[in-house]
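Beneath this line is the structure, given in C-alpha cells, with notes to follow.
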Amino acid sequence: MNLKGRDFLTLLDYSPEEIEYLIDLAARLKAEKRKGISHDIHKGKNIALIFEKTSTRTRCSFEVAAHDLGMNTTYLDPKSSQIGRKESIADTARVLCRMFDAIEYRGYGQEIVEALAKYSDVPVWNGLTNEYHPTQLLADMLTIKEHFGRIKGIRFVYMGDARYNMGNSIMIACAKMGMHFTACTNKKYFPDQKLVDKCMKYADESGGTITLTEDVFEGTKNADVIYTDVWVSMGEPEKVWEERIHDLLPYRVTMDVMKNAGSKAIFMHCLPAFHDLNTEVGRDIKKKFGLDEMEVTDEVFESTRSVVFNEAENRMHTIKAVMYATL
C-alpha cells in the first residue's frame, strides 16, 4: 500500500484497509525495534514539530520515532513559533515546507492543521487538535489487537465527555473498523449528531454499531474495552470543572464498572489521568472539590485490567508507522 506524500489529519480521510495497514506496519516496526533491527530508512530527513499544546507522550513519541527512522527534529513550542500571531498559517506552512520534509502540529482547532496541509508541499501530521486525535487511535487499535488478537467485533465503551477529540476519534475508528462503539455518558456530552450520522454509515458498511446511552449498567455490560479521558482541559475556568464533575461523576470508571463489563474487559486511558493525589492538579482537585480521584479510580488504574502503559508505548510505534509510510 502506497501512502507516500499523504497528510495524516483525521481518520475520516483513511479507509479501513489503510488504517489496518498502518496498525500492522506499527506492529512490525515494534517487533524490529525490540530485536535491535535498524529501520532508519529516512536518514537525513528533517521534520518540524509544532506544539501549541505541550505533551509528554506525543513529543517523546515523535522524537524517538524520528530518531529510529534516522531523521532530525526541530521542536517549536508555543514561545518558539509565530504561527497565527506575527505570521499567518499559510505563510508558516510555505516557509517550513521548504526547510523540512514533514510538519507535525499539536494544538487547537482542526482548521489550523488543515490550513497547514493546504499550503504545505510536504506531509502534515495531526498530533492533536480540539476535534481529532488520530495518532492516539492508531496506538489504541494496536493495543487492542495485541491484547485480543483482533479489532473487528470488539465492544468498545467510552465514558466521560464524548464531544471532542477522543470521543470523536474513537467513534470514527470503531465505525470504520467494524467495532461496536458505545458512548456512555450524560446526554449533554454525546458526540455531535452530524458526526454520529456519518459514523453510522461507516458502521453499516463495516458491520459495527454506534450506541449512545446514559445507562452505566447497560452501556458497560459485556464490554471488551472501557475507555475514559480527563473531563476538563487545563486552563478551563473553575465553573467548568464544577459542572463537569457534577455531570460526569456517575460515569467515573470504578471496579464495579469493570466487573459489570466482564472478567476479560480491559481499561484504557490516553493519559495523563487524575487517579490519585500525586500531582499538583490532583491535589488542587482534592482541595477544591474533595475528590481523591476523578475520571477513574486508582484501584482500576493500578489493576491488572489496566493496559494504559502498553497503550502509551504504542504511541511511539504507531507514530513511527505514519512517518515511515507517508514519507
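Letters for chains follow the order of the C-alpha cells (A, B, ...), residue numbers begin at 1 for each chain, and ligand numbers begin at 1 in the order shown.
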(message) Report as a ChimeraX atom specification all protein, DNA and RNA residues lying within 7 Å of range 42-59 of chain A, evaluated on only C-alpha atoms, omitting residues in the same chain fewer than 5 positions from it.
(response) /A:69-78,100-107,127,312
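Among the residues of range 213-256 of chain A, backbone DSSP assigns strand (DSSP E) to Thr213, Val225, Ile226, Tyr227 and Thr228 of chain A.
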Write a file of the selected residues as a tab-separated table (two decimals), in the first residue's frame, keeping N, CA, C and O atoms.
```tsv
chain	number	residue	atom	x	y	z
A	213	THR	N	-25.80	6.10	25.20
A	213	THR	CA	-26.64	5.77	26.36
A	213	THR	C	-26.19	6.52	27.60
A	213	THR	O	-25.01	6.83	27.76
A	225	VAL	N	-13.65	-3.29	26.10
A	225	VAL	CA	-12.78	-2.16	26.43
A	225	VAL	C	-13.61	-1.09	27.13
A	225	VAL	O	-14.66	-0.68	26.63
A	226	ILE	N	-13.13	-0.64	28.29
A	226	ILE	CA	-13.68	0.53	28.96
A	226	ILE	C	-12.62	1.63	28.86
A	226	ILE	O	-11.49	1.45	29.31
A	227	TYR	N	-13.00	2.76	28.29
A	227	TYR	CA	-12.04	3.83	27.99
A	227	TYR	C	-12.55	5.14	28.58
A	227	TYR	O	-13.75	5.42	28.55
A	228	THR	N	-11.65	5.95	29.11
A	228	THR	CA	-12.03	7.28	29.55
A	228	THR	C	-10.88	8.24	29.33
A	228	THR	O	-9.77	7.85	28.95
```
(message) When you look at Arg163 in chain A with a cut-off of 9 Å (counting only C-alpha atoms), what residues show up, excluding the ones that are within fewer than 4 positions of it in the same chain? I need them as a list in words.
(response) Glu131, Gly167, Asn168, Lys188, Tyr189, Phe190, Pro191 and Asp192 of chain A
Within 10 Å of range 21-26 of chain A, which residues of range 121-205 of chain A come that close, and what is the closest atom pair and distance in Å for each? Count only C-alpha atoms and give it as a Markdown table.
```
| residue | atom | partner | partner_atom | distance |
| --- | --- | --- | --- | --- |
| A:Leu137 | CA | A:Ile23 | CA | 9.9 |
| A:Leu138 | CA | A:Ile23 | CA | 6.3 |
| A:Ala139 | CA | A:Ile23 | CA | 7.9 |
| A:Asp140 | CA | A:Ile23 | CA | 9.6 |
| A:Met141 | CA | A:Ile23 | CA | 7.1 |
| A:Leu142 | CA | A:Ile23 | CA | 5.7 |
| A:Thr143 | CA | A:Ile23 | CA | 9.5 |
| A:Lys145 | CA | A:Ile23 | CA | 8.8 |
```
Those selected residues, please, written with C-alpha atoms and delivered as a compact mmCIF listing (two decimals), in the first residue's frame.
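Now in again-v8.txt:
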```txt
# COMPACT_ATOMS: atom_id res chain seq x y z
CA LEU A 137 -6.36 5.95 17.97
CA LEU A 138 -3.77 4.04 15.99
CA ALA A 139 -2.00 3.32 19.30
CA ASP A 140 -5.30 2.26 20.87
CA MET A 141 -6.13 -0.08 17.98
CA LEU A 142 -2.66 -1.65 18.10
CA THR A 143 -3.03 -2.19 21.86
CA LYS A 145 -5.14 -6.08 18.63
```
(request) Enumerate the residues of range 78-277 of chain A with a DSSP assignment of alpha helix (DSSP H), computed from the backbone, and present them as an MDAnalysis selection string. (result) chainID A and resid 89:96 110:119 134:148 165:176 193:206 216:220 238:248 255:261
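Considering only C-alpha atoms, the residue among A:Gly5, A:Ala66, A:Tyr324, A:Cys174 positioned nearest to Asp121 in chain A is A:Gly5.
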(message) With only C-alpha atoms as the counted atoms, please give the residues lying no more than 10 Å from range 146-157 of chain A, apart from itself and same-chain residues fewer than 2 positions off, as a ChimeraX atom specification.
(response) /A:20,27,140-144,159,170-171,174-185,206-212,219-228,261,264-267,307,310
Using C-alpha atoms, can you write the selected residues to a file as a PDB file, in the first residue's frame?
```
ATOM      1  CA  GLU A  20      -5.224  -1.635   9.253  1.00  0.00           C
ATOM      2  CA  ALA A  27       3.449  -3.932  14.896  1.00  0.00           C
ATOM      3  CA  ASP A 140      -5.296   2.261  20.866  1.00  0.00           C
ATOM      4  CA  MET A 141      -6.131  -0.075  17.979  1.00  0.00           C
ATOM      5  CA  LEU A 142      -2.663  -1.652  18.099  1.00  0.00           C
ATOM      6  CA  THR A 143      -3.033  -2.186  21.859  1.00  0.00           C
ATOM      7  CA  ILE A 144      -6.435  -3.826  21.407  1.00  0.00           C
ATOM      8  CA  MET A 159     -17.169   7.041  29.356  1.00  0.00           C
ATOM      9  CA  ILE A 170     -12.762   6.648  18.901  1.00  0.00           C
ATOM     10  CA  MET A 171     -16.203   6.659  17.320  1.00  0.00           C
ATOM     11  CA  CYS A 174     -14.723   1.919  15.737  1.00  0.00           C
ATOM     12  CA  ALA A 175     -17.192   2.626  12.935  1.00  0.00           C
ATOM     13  CA  LYS A 176     -14.602   2.129  10.211  1.00  0.00           C
ATOM     14  CA  MET A 177     -13.042  -0.979  11.743  1.00  0.00           C
ATOM     15  CA  GLY A 178     -16.226  -2.958  12.433  1.00  0.00           C
ATOM     16  CA  MET A 179     -16.268  -2.418  16.188  1.00  0.00           C
ATOM     17  CA  HIS A 180     -19.246  -1.808  18.472  1.00  0.00           C
ATOM     18  CA  PHE A 181     -18.923   1.708  19.912  1.00  0.00           C
ATOM     19  CA  THR A 182     -20.877   2.952  22.918  1.00  0.00           C
ATOM     20  CA  ALA A 183     -20.720   6.467  24.322  1.00  0.00           C
ATOM     21  CA  CYS A 184     -21.827   6.003  27.935  1.00  0.00           C
ATOM     22  CA  THR A 185     -22.331   9.436  29.444  1.00  0.00           C
ATOM     23  CA  SER A 206     -18.115  -2.462   8.341  1.00  0.00           C
ATOM     24  CA  GLY A 207     -20.522  -4.467  10.495  1.00  0.00           C
ATOM     25  CA  GLY A 208     -20.043  -2.219  13.518  1.00  0.00           C
ATOM     26  CA  THR A 209     -22.618  -0.358  15.602  1.00  0.00           C
ATOM     27  CA  ILE A 210     -22.978   3.033  17.304  1.00  0.00           C
ATOM     28  CA  THR A 211     -24.820   3.349  20.626  1.00  0.00           C
ATOM     29  CA  LEU A 212     -25.391   6.412  22.819  1.00  0.00           C
ATOM     30  CA  GLY A 219     -23.766   0.691  28.493  1.00  0.00           C
ATOM     31  CA  THR A 220     -20.840  -1.187  30.015  1.00  0.00           C
ATOM     32  CA  LYS A 221     -22.362  -4.677  30.218  1.00  0.00           C
ATOM     33  CA  ASN A 222     -20.184  -7.300  28.494  1.00  0.00           C
ATOM     34  CA  ALA A 223     -17.784  -4.662  27.118  1.00  0.00           C
ATOM     35  CA  ASP A 224     -14.298  -5.633  25.949  1.00  0.00           C
ATOM     36  CA  VAL A 225     -12.784  -2.164  26.433  1.00  0.00           C
ATOM     37  CA  ILE A 226     -13.679   0.534  28.958  1.00  0.00           C
ATOM     38  CA  TYR A 227     -12.044   3.832  27.990  1.00  0.00           C
ATOM     39  CA  THR A 228     -12.030   7.282  29.554  1.00  0.00           C
ATOM     40  CA  ALA A 261     -18.112  -5.326  31.779  1.00  0.00           C
ATOM     41  CA  LYS A 264     -11.880 -10.153  30.235  1.00  0.00           C
ATOM     42  CA  ALA A 265     -12.507  -6.405  29.893  1.00  0.00           C
ATOM     43  CA  ILE A 266      -9.516  -4.058  29.839  1.00  0.00           C
ATOM     44  CA  PHE A 267      -9.201  -0.431  30.926  1.00  0.00           C
ATOM     45  CA  VAL A 307      -3.189  -1.536  29.818  1.00  0.00           C
ATOM     46  CA  ASN A 310       1.261  -0.540  26.876  1.00  0.00           C
TER      47      ASN A 310
END
```
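Ranking A:Tyr164, A:Thr10, A:Leu291, A:Thr129 by their shortest atom-to-atom distance to Leu277 in chain A, with only C-alpha atoms included, puts A:Leu291 first.
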(request) Using only C-alpha atoms, find the one residue out of A:Val253, A:Met323, A:Leu248, A:Arg6 that sits nearest to Ala65 in chain A. (result) A:Met323
(request) Rank nothing, just name the residue among A:Met294, A:Lys79, A:Thr135, A:Tyr108 nearest to Leu249 in chain A, using only C-alpha atoms. (result) A:Met294
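If you count only C-alpha atoms and ignore residues fewer than 4 places along the chain from Asn165 in chain A, what sits within 8 Å of it is Leu128, Thr129, Asn130, Glu131, Tyr132, His133 and Ser169 of chain A.
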Can you write out the residues you just picked, keeping C-alpha atoms, as a PDB file, in the first residue's frame?
```pdb
ATOM      1  CA  LEU A 128      -3.865  16.534  18.398  1.00  0.00           C
ATOM      2  CA  THR A 129      -6.490  19.180  17.737  1.00  0.00           C
ATOM      3  CA  ASN A 130      -9.651  20.063  19.597  1.00  0.00           C
ATOM      4  CA  GLU A 131     -11.645  17.875  17.218  1.00  0.00           C
ATOM      5  CA  TYR A 132      -9.429  14.873  16.415  1.00  0.00           C
ATOM      6  CA  HIS A 133      -6.543  12.805  17.809  1.00  0.00           C
ATOM      7  CA  SER A 169     -11.775   9.808  17.023  1.00  0.00           C
TER       8      SER A 169
END
```
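When only C-alpha atoms are used to measure the gap to Lys320 in chain A, the shortest distance among A:Val240, A:Met99, A:Ile41, A:Leu12 belongs to A:Ile41.
What separates CA of Asp229 in chain A from CA of Thr318 in chain A is a distance of 19.8 Å.
Here CA of Glu311 in chain A and CA of Ala273 in chain A stand 13.2 Å from one another.
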(message) With only C-alpha atoms as the counted atoms, please give the residues lying no more than 8 Å from Val113 in chain A, apart from itself and same-chain residues fewer than 4 positions off, as a PyMOL selection string.
(response) chain A and resi 9+105+109+117+124-126+129
Give me a file of those residues, with N, CA, C and O atoms, as an mmCIF file, in the first residue's frame.
```cif
data_model
loop_
_atom_site.group_PDB
_atom_site.id
_atom_site.type_symbol
_atom_site.label_atom_id
_atom_site.label_comp_id
_atom_site.auth_asym_id
_atom_site.auth_seq_id
_atom_site.Cartn_x
_atom_site.Cartn_y
_atom_site.Cartn_z
ATOM 1 N N LEU A 9 -4.416 13.750 9.009
ATOM 2 C CA LEU A 9 -5.114 14.806 9.736
ATOM 3 C C LEU A 9 -6.286 14.283 10.550
ATOM 4 O O LEU A 9 -6.587 14.799 11.615
ATOM 5 N N TYR A 105 1.745 19.010 13.806
ATOM 6 C CA TYR A 105 1.081 20.085 14.541
ATOM 7 C C TYR A 105 0.253 19.508 15.672
ATOM 8 O O TYR A 105 -0.540 18.580 15.470
ATOM 9 N N GLY A 109 -7.665 24.376 16.982
ATOM 10 C CA GLY A 109 -8.687 23.986 16.019
ATOM 11 C C GLY A 109 -8.171 23.137 14.867
ATOM 12 O O GLY A 109 -7.047 23.335 14.382
ATOM 13 N N ALA A 117 -1.757 21.898 6.025
ATOM 14 C CA ALA A 117 -1.697 20.888 4.968
ATOM 15 C C ALA A 117 -2.002 21.484 3.596
ATOM 16 O O ALA A 117 -1.390 21.123 2.583
ATOM 17 N N VAL A 124 1.720 16.658 6.342
ATOM 18 C CA VAL A 124 1.407 17.278 7.629
ATOM 19 C C VAL A 124 0.693 16.244 8.482
ATOM 20 O O VAL A 124 -0.226 15.562 8.014
ATOM 21 N N TRP A 125 1.114 16.125 9.750
ATOM 22 C CA TRP A 125 0.551 15.121 10.670
ATOM 23 C C TRP A 125 -0.131 15.820 11.845
ATOM 24 O O TRP A 125 0.404 16.773 12.409
ATOM 25 N N ASN A 126 -1.274 15.320 12.222
ATOM 26 C CA ASN A 126 -2.034 15.860 13.339
ATOM 27 C C ASN A 126 -1.627 15.159 14.636
ATOM 28 O O ASN A 126 -1.939 13.987 14.845
ATOM 29 N N THR A 129 -5.748 17.918 17.809
ATOM 30 C CA THR A 129 -6.490 19.180 17.737
ATOM 31 C C THR A 129 -7.698 19.054 18.650
ATOM 32 O O THR A 129 -7.944 17.992 19.231
#
```
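Nearest to Gly160 in chain A of all the residues A:Glu63, A:Glu214, A:Glu32, A:Glu205 is A:Glu214, counting only C-alpha atoms.
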